[in-house]
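In what follows, a single structure is set out as structure tokens and then discussed.
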Amino acid sequence: MDKIYNHQETERKWYSFWEQKGYFSPKRIPKKKPFTIIMPPPNANGELHIGHATFIAIEDILVRYHRMHGVPTLWLPGADHAGILTQVVYERELEQEGKNRFDLGRDEFFKQTYEFTMKNKKHMEDQLKALGASCDWTREKFTLDPEITTAVYTTFKKLYDDGLIYRGERIINWCTRCGTALSDLEVEHEERNGKLWFIKYPIKHPNAKIKQQEFITVATTRPETMLGDTGIAVNPNDVRYKNLVGKTALLPLMNRSIPIITDSAVSPKFGTGAVKVTPAHDPIDFEIGKRHKLKTISIVQEDGRLSAAAGVFSGLDVSSARNKVLDELGKQDLLQKTAFYKYSLGICERCRTTVEPLISKQWFIKIESLAKPALVAVKQGSIKILPKRFEKIYFNWLENIRDWCISRQIWWGHRLPVYYCQGYKNKKCTTKDGLFVSVVKPTKCPSCGSKNFTQDPDTLDTWFSSGQWPFTTLGWPNETPDFKYFYPTSVMETGYDILFFWVARMIMLGLYTTGKPPFQTVFLHGLVRDERGQKMSKSRGNVIDPLDVAGEYGADAVRMALVFGTSPGNDINLGESKIRGMRNFTNKLWNIGRLIVDLKPAKTKIVSPNKEDRWVLDELKKTKKSVSDSIENYRFGQAAEELYEFIWHRFADKYLEHAKTRREEAQPILEKVFDESLRLLHPFMPFITEDLWQRISNKRGTSLMTALWPK
RNA sequence: GGGCUGGUAGCUCAGUUGGUUAGAGUGUUGCGUUGACAUCGCAAAGGUCAGAGGUUCAAAUCCUCUCCAGCCCACCA
């Protein structure tokens, strides 16, 4: 054995050994209850980052631990097409060639993006392997695989047939750069220093001949939207405006008569207590407008420019329109005052463009009847969320949830399983809207006999498909042996940042579609930050690339560094020094191995254990118990510390030093303690433990992976 | 506006249901080690466990309040 442990060669060697032996693929044993984790599918649009390494480390611990108990264990890997994000990433690639997606056209753009993701996916698989993930590659899935697509469409159809998917014109979040609707979750909010403008609207006197001189003043952060105003609202209890309610104001610049109404959504305390109502471009105003049957005038178009309805302002982009509106108001002396004001601006999660609220025809999921069972499942404990504090956050979100906009106007993703009969256009077809929701393209319209159908151009929110991941990956809607055996799965392990995006949706869709909770336990880990707790980002230059450091210090060291001394749900501060420290630990293990294996005495003597022997065996026993206990309770950070502490400071520093003076007697104890230590450590540091175990074990041809967990 | 998390050794963090002299990594200092390992060993220095009050025989741990740091959610324009 070399003086220094060479991780590069060792890691490659054992991974392919495991894979060739088929250890990653569980057999279904009917009488045994399996342990199943569906891997959170990485987005197939780039490299694995340190966050992926975190889930690999934790999930591999769980999986290897259960596998070592002789339980049929499945860890199913996959990749996500990642809708908007991938489209944005690939559009940026095209940009470098001076092209955009419209230059290519839909089909060509899709084809190229597909090739791009396939390349990334292959690369990611290699990266997962390099980090030691013991997942079953024979069952790998991709969200755009044909059978997954069929499953996703089946769920869509079921929801539609149950009246839980509807199409409607509603106010939605629109990204003008991506050219698509977004769900509420895909909008991020940034605090901005802005202004509050106080604008005077003249009151129309009943007698048209009398000159206007009375005004009502409204406060707004978006003066340009006044062009779409169709009312002014005050709180019903606001005495200041009692005599104005019911009267009509004259919208400046547009010369439109708009009513002054009361609505309890208006706070008398804010601004002047009077609000301009723009139903087409503000969610609250949309609601107010609906309640009072106000007109809806869309003045911002999907391209971010003002529409014809904005009169002389039409064609301007939003910010120039704002300047011009303010300018005009100033000229007409209708700007009463301005105040500095901090407000939150909605921006597109993926491309950081300002999001415009506007009215658009989109597809929605009626969420209430899905949310209720999802709440009950966690409240009653059929699904546990760990750490428990996240349950409260989950409840709060589901209790205030609004309908989910699932249609996107991008090209990359699952196209809606919605078809339109072309006979409808000729008025021969009596089907409502000529619309069919169907898993496969219809062949003949039962109403008009037309064989000509076009598919809806929209694509599905990427989370609609990933929300079904725990069962679509196992073969649903078919009652496959895998689905029957492995579903519901055991643990869903992921970062807390996608609790709403993903976990909540999986619970809702899982309960709705399969009638069962998709998993029993949700374990949420924290985000990896740099040594000083700063978020890792390319611009900060503090990114740790897991594959780089794995290359330098070994995958075992990286994995150990990601769990050692962490606690569930808390962010992980990681610096290179910690990884280096864990690399030193691998070298310590290596040298323990050298002493026991390489420098094995020629003969051994069996004698009754002395004080030190009894001590180390007792410490081992305690360690076995506490490590098992910590893993069972998801305290991986603690389990790692316990192992490190025992192996290095008690076994190596104390017992091994002592044993040097009586090697022949101590050798059997050394081997036993080392063997069991390697088993305990294997889920955390699979490569070096396997390598050393192969050297001390006499069971040739088997693997530590399938050895039994010490009791 | 609502909620969450953290404030423990110079730095980064553990510390399960309250129970002896509060732990680890890393850093610092001294000594040692050339037959497991300098990617090492032994030892030392270093903490009024953010602050105040309370419960208790006993509090880093439970309760209340305050101060700092960070995060999430939310339709006050």
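To be explicit about the labels: the chains of the structure tokens are called A, B, and onward in the order shown, and within each one the residues are counted from 1, while ligands get numbers from 1 in the order they are shown.
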Just want the 8 Å neighbourhood of segment 247-263 of chain A, counted on only C-alpha atoms (C1' of nucleotides), with same-chain residues fewer than 4 positions away dropped. Output as a list in words. Tyr201, Pro202, Ile203, Lys204, Ile216, Met226, Leu227, Asp229, Thr230, Gly231, Ile232, Ala233, Val234, Asn235, Pro236, Ile288, Gly311, Glu328 and Leu329 of chain A
Based on only C-alpha atoms (C1' of nucleotides), which of the residues in chain B come within 12 Å of chain A? I want them as a short mmCIF file (atom, residue, chain, number, x, y, z; two decimals) with N, CA and C atoms (P, O5', C5', C4', C3', O3' and C1' of nucleotides), in the first residue's frame.
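Output contents, as saved in out_0.cif:
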data_model
loop_
_atom_site.label_atom_id
_atom_site.label_comp_id
_atom_site.auth_asym_id
_atom_site.auth_seq_id
_atom_site.Cartn_x
_atom_site.Cartn_y
_atom_site.Cartn_z
P G B 2 -47.14 42.08 12.41
"O5'" G B 2 -47.27 40.66 11.69
"C5'" G B 2 -48.49 39.93 11.73
"C4'" G B 2 -48.34 38.65 10.96
"C3'" G B 2 -47.22 37.74 11.42
"O3'" G B 2 -47.60 36.95 12.54
"C1'" G B 2 -47.08 37.97 9.09
P G B 3 -46.45 36.56 13.62
"O5'" G B 3 -45.54 35.53 12.82
"C5'" G B 3 -46.07 34.26 12.45
"C4'" G B 3 -45.14 33.57 11.49
"C3'" G B 3 -43.76 33.21 12.02
"O3'" G B 3 -43.79 32.06 12.85
"C1'" G B 3 -43.55 34.11 9.85
P C B 4 -42.62 31.86 13.93
"O5'" C B 4 -41.40 31.39 13.03
"C5'" C B 4 -41.49 30.20 12.25
"C4'" C B 4 -40.28 30.06 11.39
"C3'" C B 4 -38.95 30.08 12.13
"O3'" C B 4 -38.68 28.83 12.74
"C1'" C B 4 -38.79 31.49 10.26
P U B 5 -37.84 28.79 14.08
"O5'" U B 5 -36.35 29.05 13.54
"C5'" U B 5 -35.79 28.16 12.60
"C4'" U B 5 -34.49 28.73 12.08
"C3'" U B 5 -33.49 29.13 13.16
"O3'" U B 5 -32.79 28.00 13.67
"C1'" U B 5 -33.60 30.83 11.53
P G B 6 -32.25 28.07 15.18
"O5'" G B 6 -31.03 29.08 15.06
"C5'" G B 6 -29.82 28.66 14.45
"C4'" G B 6 -28.95 29.84 14.15
"C3'" G B 6 -28.38 30.58 15.34
"O3'" G B 6 -27.26 29.91 15.90
"C1'" G B 6 -29.19 32.15 13.81
P C B 11 -14.08 35.61 15.56
"O5'" C B 11 -13.76 34.72 14.27
"C5'" C B 11 -13.58 35.33 13.00
"C4'" C B 11 -13.44 34.24 11.95
"C3'" C B 11 -14.64 33.30 11.83
"O3'" C B 11 -15.63 33.85 10.99
"C1'" C B 11 -12.68 32.01 11.99
P U B 12 -17.16 33.44 11.20
"O5'" U B 12 -17.16 31.90 10.80
"C5'" U B 12 -17.06 31.52 9.43
"C4'" U B 12 -17.27 30.03 9.32
"C3'" U B 12 -18.51 29.51 10.04
"O3'" U B 12 -19.68 29.74 9.28
"C1'" U B 12 -16.68 28.10 10.53
P C B 13 -21.09 29.70 9.98
"O5'" C B 13 -21.20 28.16 10.33
"C5'" C B 13 -21.88 27.73 11.49
"C4'" C B 13 -21.46 26.32 11.73
"C3'" C B 13 -22.28 25.59 12.79
"O3'" C B 13 -23.44 25.04 12.18
"C1'" C B 13 -19.98 25.27 13.21
P A B 14 -24.68 24.67 13.03
"O5'" A B 14 -24.25 23.22 13.53
"C5'" A B 14 -24.16 22.96 14.90
"C4'" A B 14 -23.69 21.56 15.10
"C3'" A B 14 -24.34 20.89 16.30
"O3'" A B 14 -25.52 20.23 15.93
"C1'" A B 14 -22.00 20.80 16.53
P G B 15 -26.88 20.52 16.65
"O5'" G B 15 -26.51 20.20 18.17
"C5'" G B 15 -26.16 18.86 18.55
"C4'" G B 15 -25.61 18.88 19.93
"C3'" G B 15 -26.50 19.52 20.99
"O3'" G B 15 -27.49 18.61 21.45
"C1'" G B 15 -24.31 20.35 21.21
P U B 16 -28.85 19.17 21.97
"O5'" U B 16 -29.93 18.02 21.74
"C5'" U B 16 -30.81 18.11 20.61
"C4'" U B 16 -31.66 16.86 20.52
"C3'" U B 16 -32.29 16.42 21.84
"O3'" U B 16 -33.58 17.00 21.99
"C1'" U B 16 -31.20 14.59 20.85
P G B 23 -15.94 19.69 27.36
"O5'" G B 23 -15.60 18.90 26.03
"C5'" G B 23 -15.02 19.59 24.95
"C4'" G B 23 -15.65 19.11 23.69
"C3'" G B 23 -14.83 19.40 22.44
"O3'" G B 23 -13.88 18.37 22.23
"C1'" G B 23 -17.06 20.09 22.10
P A B 24 -12.54 18.71 21.48
"O5'" A B 24 -13.03 18.77 19.96
"C5'" A B 24 -13.24 17.57 19.25
"C4'" A B 24 -13.82 17.86 17.90
"C3'" A B 24 -12.92 18.62 16.94
"O3'" A B 24 -11.97 17.74 16.35
"C1'" A B 24 -15.09 19.53 16.86
P G B 25 -10.57 18.28 15.90
"O5'" G B 25 -10.95 19.04 14.56
"C5'" G B 25 -11.37 18.31 13.41
"C4'" G B 25 -11.79 19.27 12.33
"C3'" G B 25 -10.73 20.30 11.96
"O3'" G B 25 -9.83 19.78 11.01
"C1'" G B 25 -12.80 21.38 12.31
P U B 26 -8.33 20.09 11.09
"O5'" U B 26 -8.31 21.67 10.82
"C5'" U B 26 -8.56 22.17 9.50
"C4'" U B 26 -8.70 23.67 9.55
"C3'" U B 26 -7.52 24.42 10.18
"O3'" U B 26 -6.46 24.60 9.26
"C1'" U B 26 -9.54 25.24 11.07
P G B 27 -4.97 24.63 9.82
"O5'" G B 27 -4.93 26.03 10.58
"C5'" G B 27 -5.01 27.25 9.85
"C4'" G B 27 -5.12 28.41 10.79
"C3'" G B 27 -3.97 28.51 11.80
"O3'" G B 27 -2.83 29.12 11.25
"C1'" G B 27 -6.03 28.78 12.92
P G B 35 11.08 5.16 10.50
"O5'" G B 35 9.64 4.81 9.96
"C5'" G B 35 8.51 4.86 10.84
"C4'" G B 35 7.79 3.54 10.66
"C3'" G B 35 7.58 2.83 11.99
"O3'" G B 35 6.40 2.07 11.89
"C1'" G B 35 8.88 1.48 10.61
P A B 36 5.10 2.46 12.46
"O5'" A B 36 4.43 3.10 11.16
"C5'" A B 36 4.22 2.29 10.01
"C4'" A B 36 3.05 2.86 9.23
"C3'" A B 36 3.04 4.38 9.16
"O3'" A B 36 3.80 4.82 8.06
"C1'" A B 36 0.91 3.58 9.85
P C B 37 4.63 6.16 8.17
"O5'" C B 37 3.49 7.28 8.07
"C5'" C B 37 2.83 7.50 6.82
"C4'" C B 37 1.65 8.41 7.06
"C3'" C B 37 1.99 9.75 7.69
"O3'" C B 37 2.37 10.68 6.69
"C1'" C B 37 0.12 8.79 8.79
P A B 38 3.72 11.43 6.83
"O5'" A B 38 3.33 12.78 7.58
"C5'" A B 38 2.21 13.58 7.17
"C4'" A B 38 2.54 15.05 7.42
"C3'" A B 38 3.56 15.64 6.46
"O3'" A B 38 3.06 16.83 5.91
"C1'" A B 38 4.24 15.98 8.70
P U B 39 2.04 17.07 4.93
"O5'" U B 39 0.65 16.64 5.62
"C5'" U B 39 -0.35 17.61 6.07
"C4'" U B 39 -1.58 16.80 6.33
"C3'" U B 39 -1.17 15.51 7.04
"O3'" U B 39 -1.52 15.44 8.42
"C1'" U B 39 -2.34 15.05 4.97
P C B 40 -2.40 15.85 9.32
"O5'" C B 40 -2.21 14.76 10.47
"C5'" C B 40 -2.08 13.37 10.15
"C4'" C B 40 -1.10 12.73 11.10
"C3'" C B 40 -1.17 13.16 12.55
"O3'" C B 40 -2.27 12.58 13.22
"C1'" C B 40 1.08 13.05 11.92
P G B 41 -2.93 13.29 14.44
"O5'" G B 41 -1.87 12.99 15.60
"C5'" G B 41 -1.67 11.65 16.02
"C4'" G B 41 -0.62 11.62 17.08
"C3'" G B 41 -0.90 12.51 18.28
"O3'" G B 41 -1.76 11.86 19.19
"C1'" G B 41 1.33 12.83 17.57
P C B 42 -2.71 12.72 20.10
"O5'" C B 42 -1.69 13.32 21.16
"C5'" C B 42 -1.05 12.46 22.11
"C4'" C B 42 -0.08 13.28 22.92
"C3'" C B 42 -0.68 14.50 23.61
"O3'" C B 42 -1.31 14.15 24.81
"C1'" C B 42 1.33 15.12 22.54
P A B 69 -28.24 44.61 11.91
"O5'" A B 69 -27.90 43.20 11.27
"C5'" A B 69 -26.55 42.75 11.26
"C4'" A B 69 -26.51 41.29 10.91
"C3'" A B 69 -27.41 40.88 9.77
"O3'" A B 69 -26.84 41.16 8.50
"C1'" A B 69 -27.64 39.35 11.56
P G B 70 -27.80 41.59 7.29
"O5'" G B 70 -28.48 40.22 6.86
"C5'" G B 70 -27.70 39.21 6.24
"C4'" G B 70 -28.40 37.89 6.33
"C3'" G B 70 -29.73 37.77 5.59
"O3'" G B 70 -29.56 37.65 4.19
"C1'" G B 70 -29.93 36.73 7.69
P C B 71 -30.73 38.14 3.20
"O5'" C B 71 -31.79 36.96 3.33
"C5'" C B 71 -31.46 35.65 2.91
"C4'" C B 71 -32.53 34.69 3.37
"C3'" C B 71 -33.92 34.94 2.83
"O3'" C B 71 -34.08 34.48 1.50
"C1'" C B 71 -34.06 34.50 5.14
P C B 72 -35.13 35.20 0.53
"O5'" C B 72 -36.51 34.56 1.01
"C5'" C B 72 -36.72 33.15 0.90
"C4'" C B 72 -37.98 32.77 1.62
"C3'" C B 72 -39.24 33.49 1.15
"O3'" C B 72 -39.75 32.93 -0.03
"C1'" C B 72 -39.18 33.49 3.51
P C B 73 -40.59 33.86 -1.04
"O5'" C B 73 -41.95 34.03 -0.22
"C5'" C B 73 -42.86 32.94 -0.09
"C4'" C B 73 -43.96 33.32 0.87
"C3'" C B 73 -44.85 34.47 0.42
"O3'" C B 73 -45.82 34.03 -0.50
"C1'" C B 73 -44.23 34.82 2.65
P A B 74 -46.18 35.02 -1.75
"O5'" A B 74 -47.16 36.09 -1.11
"C5'" A B 74 -47.94 35.75 0.04
"C4'" A B 74 -48.62 36.97 0.58
"C3'" A B 74 -48.76 38.16 -0.33
"O3'" A B 74 -49.88 38.01 -1.19
"C1'" A B 74 -47.95 38.90 1.75
P C B 75 -49.83 38.65 -2.62
"O5'" C B 75 -50.04 40.19 -2.31
"C5'" C B 75 -49.56 41.17 -3.19
"C4'" C B 75 -50.58 42.28 -3.24
"C3'" C B 75 -51.04 42.76 -1.88
"O3'" C B 75 -50.16 43.75 -1.40
"C1'" C B 75 -52.93 42.34 -3.22
P C B 76 -49.53 43.69 0.04
"O5'" C B 76 -48.93 45.13 0.29
"C5'" C B 76 -49.71 46.03 1.01
"C4'" C B 76 -50.49 46.91 0.09
"C3'" C B 76 -49.83 48.25 -0.19
"O3'" C B 76 -49.31 48.28 -1.52
"C1'" C B 76 -51.81 48.58 1.07
P A B 77 -47.91 49.08 -1.77
"O5'" A B 77 -48.08 49.81 -3.18
"C5'" A B 77 -49.10 50.73 -3.34
"C4'" A B 77 -50.00 50.23 -4.45
"C3'" A B 77 -49.98 51.17 -5.66
"O3'" A B 77 -50.04 50.41 -6.85
"C1'" A B 77 -52.10 51.25 -4.53
#
Identify all residues of segment 168-410 of chain A in helix (DSSP H, G or I) (DSSP on the backbone) and supply them as a PyMOL selection string. chain A and resi 184-186+223-228+239-241+283-292+308-313+318-331+368-379+389-399
If you run DSSP over the backbone, which residues in segment 41-270 of chain A end up strand (DSSP E)? Put them as a VMD selection string. chain A and resid 73 to 76 78 to 79 141 to 142 165 to 175 180 to 182 187 to 202 215 to 220 231 to 234 248 to 251 256 to 262
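For A45 of chain B, the residues within 12 Å (counting only C-alpha atoms (C1' of nucleotides), excluding itself and residues fewer than 5 positions away along the chain) are A9, G10, U28, U29 and G30 of chain B.
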Segment 58-63 of chain B environment, 10 Å, only C-alpha atoms (C1' of nucleotides), sequence neighbours closer than 3 positions dropped, as a list in words: U8, G15, G18, G19, A22, C49, G54 and U55 of chain B
Neighbouring residues of Lys428 of chain A were defined as those with any atom within 9 Å, considering only C-alpha atoms (C1' of nucleotides); residues of the same chain fewer than 3 positions away were excluded. Please report them as a compact mmCIF listing (two decimals) with N, CA, C and O atoms, in the first residue's frame.
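Saved as part01.txt:
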# COMPACT_ATOMS: atom_id res chain seq x y z
N GLY A 423 -62.65 22.06 -38.13
CA GLY A 423 -64.02 22.19 -38.59
C GLY A 423 -64.74 23.31 -37.86
O GLY A 423 -65.67 23.92 -38.38
N TYR A 424 -64.30 23.57 -36.66
CA TYR A 424 -64.92 24.58 -35.82
C TYR A 424 -64.88 25.95 -36.51
O TYR A 424 -65.81 26.74 -36.44
N LYS A 425 -63.78 26.16 -37.19
CA LYS A 425 -63.62 27.45 -37.87
C LYS A 425 -64.64 27.64 -38.98
O LYS A 425 -65.00 28.74 -39.34
N SER A 447 -68.17 15.53 -33.86
CA SER A 447 -69.23 16.47 -34.18
C SER A 447 -69.31 16.78 -35.68
O SER A 447 -70.34 16.63 -36.29
N CYS A 448 -68.18 17.16 -36.27
CA CYS A 448 -68.24 17.58 -37.66
C CYS A 448 -67.50 16.63 -38.60
O CYS A 448 -67.50 16.83 -39.81
Find the spatial neighbours of His123 of chain A, counting only C-alpha atoms (C1' of nucleotides), within a cut-off of 12 Å - ignore same-chain residues fewer than 6 positions away - and output them as a count of residues only. 13
Near-His66 of chain A list (10 Å; only C-alpha atoms (C1' of nucleotides); drop same-chain fewer than 3 positions) as a list in words: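 That gives Pro34, Phe35, Thr36, Asp60, Ile61, Leu62, Val63, His69, Gly70, Val71, Pro72, Thr73, Leu74, Glu632, Pro683, Leu708 and Trp709 of chain A.
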Just-selected residues, N, CA, C and O atoms written as a JSON list (two decimals), in the first residue's frame:
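Dumped everything to part.json:
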[["chain", "number", "residue", "atom", "x", "y", "z"],
["A", 34, "PRO", "N", -39.74, -2.19, 0.79],
["A", 34, "PRO", "CA", -38.57, -1.54, 0.20],
["A", 34, "PRO", "C", -38.30, -0.16, 0.80],
["A", 34, "PRO", "O", -39.16, 0.40, 1.48],
["A", 35, "PHE", "N", -37.13, 0.33, 0.51],
["A", 35, "PHE", "CA", -36.80, 1.72, 0.84],
["A", 35, "PHE", "C", -36.56, 2.45, -0.48],
["A", 35, "PHE", "O", -35.75, 2.02, -1.29],
["A", 36, "THR", "N", -37.30, 3.52, -0.71],
["A", 36, "THR", "CA", -37.26, 4.19, -2.01],
["A", 36, "THR", "C", -37.05, 5.69, -1.88],
["A", 36, "THR", "O", -37.73, 6.35, -1.11],
["A", 60, "ASP", "N", -27.41, 9.49, -0.55],
["A", 60, "ASP", "CA", -26.60, 8.27, -0.65],
["A", 60, "ASP", "C", -26.36, 7.66, 0.73],
["A", 60, "ASP", "O", -26.27, 6.45, 0.88],
["A", 61, "ILE", "N", -26.28, 8.51, 1.75],
["A", 61, "ILE", "CA", -26.16, 7.99, 3.12],
["A", 61, "ILE", "C", -27.41, 7.16, 3.45],
["A", 61, "ILE", "O", -27.31, 6.02, 3.89],
["A", 62, "LEU", "N", -28.58, 7.74, 3.21],
["A", 62, "LEU", "CA", -29.83, 7.05, 3.51],
["A", 62, "LEU", "C", -29.93, 5.73, 2.75],
["A", 62, "LEU", "O", -30.27, 4.68, 3.31],
["A", 63, "VAL", "N", -29.61, 5.82, 1.47],
["A", 63, "VAL", "CA", -29.78, 4.67, 0.60],
["A", 63, "VAL", "C", -28.80, 3.55, 0.95],
["A", 63, "VAL", "O", -29.17, 2.39, 1.06],
["A", 69, "HIS", "N", -28.98, -2.95, 5.38],
["A", 69, "HIS", "CA", -29.85, -3.72, 6.27],
["A", 69, "HIS", "C", -30.57, -4.83, 5.51],
["A", 69, "HIS", "O", -31.50, -5.44, 6.03],
["A", 70, "GLY", "N", -30.16, -5.04, 4.27],
["A", 70, "GLY", "CA", -30.76, -6.10, 3.47],
["A", 70, "GLY", "C", -32.12, -5.73, 2.91],
["A", 70, "GLY", "O", -32.88, -6.58, 2.48],
["A", 71, "VAL", "N", -32.43, -4.43, 2.92],
["A", 71, "VAL", "CA", -33.72, -3.97, 2.42],
["A", 71, "VAL", "C", -33.60, -3.67, 0.91],
["A", 71, "VAL", "O", -32.63, -3.06, 0.49],
["A", 72, "PRO", "N", -34.58, -4.13, 0.09],
["A", 72, "PRO", "CA", -34.55, -3.75, -1.32],
["A", 72, "PRO", "C", -34.62, -2.23, -1.43],
["A", 72, "PRO", "O", -35.61, -1.62, -1.02],
["A", 73, "THR", "N", -33.56, -1.63, -1.96],
["A", 73, "THR", "CA", -33.43, -0.19, -1.90],
["A", 73, "THR", "C", -33.31, 0.40, -3.30],
["A", 73, "THR", "O", -32.43, 0.02, -4.06],
["A", 74, "LEU", "N", -34.21, 1.32, -3.58],
["A", 74, "LEU", "CA", -34.19, 1.96, -4.90],
["A", 74, "LEU", "C", -33.94, 3.46, -4.76],
["A", 74, "LEU", "O", -34.63, 4.16, -4.03],
["A", 632, "GLU", "N", -31.06, 7.24, 11.89],
["A", 632, "GLU", "CA", -32.51, 6.99, 11.92],
["A", 632, "GLU", "C", -33.28, 8.30, 12.15],
["A", 632, "GLU", "O", -34.40, 8.45, 11.68],
["A", 683, "PRO", "N", -21.63, 4.56, 4.27],
["A", 683, "PRO", "CA", -22.60, 5.45, 3.63],
["A", 683, "PRO", "C", -22.07, 6.88, 3.45],
["A", 683, "PRO", "O", -22.49, 7.59, 2.53],
["A", 708, "LEU", "N", -23.45, -6.32, 5.83],
["A", 708, "LEU", "CA", -24.49, -5.95, 6.78],
["A", 708, "LEU", "C", -24.05, -4.85, 7.75],
["A", 708, "LEU", "O", -22.89, -4.78, 8.15],
["A", 709, "TRP", "N", -24.97, -4.04, 8.07],
["A", 709, "TRP", "CA", -24.74, -2.96, 9.04],
["A", 709, "TRP", "C", -24.49, -3.57, 10.42],
["A", 709, "TRP", "O", -25.24, -4.46, 10.83]]
Just checking: using only C-alpha atoms, which residue out of A:Gln301, A:Thr225, A:Gln96, A:Ser16 ends up closest to Trp174 of chain A?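 For Trp174 of chain A, the nearest of the candidates is A:Gln301.
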Determine the nearest neighbour of Gly413 of chain A from the options A:Ile84, A:Val440, A:Leu128, A:Ala339, counting only C-alpha atoms.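 Closest residue, counting only C-alpha atoms: A:Ile84.
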Please, what distance in Å, to one decimal, runs between atom CA of Phe646 of chain A and atom CA of Ser677 of chain A?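 One can read the atom CA of Phe646 of chain A to atom CA of Ser677 of chain A distance as 8.8 Å.
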Between atom CA of Ile38 of chain A and atom CA of Leu182 of chain A, what distance in Å does the model show, to one decimal? 26.8 Å
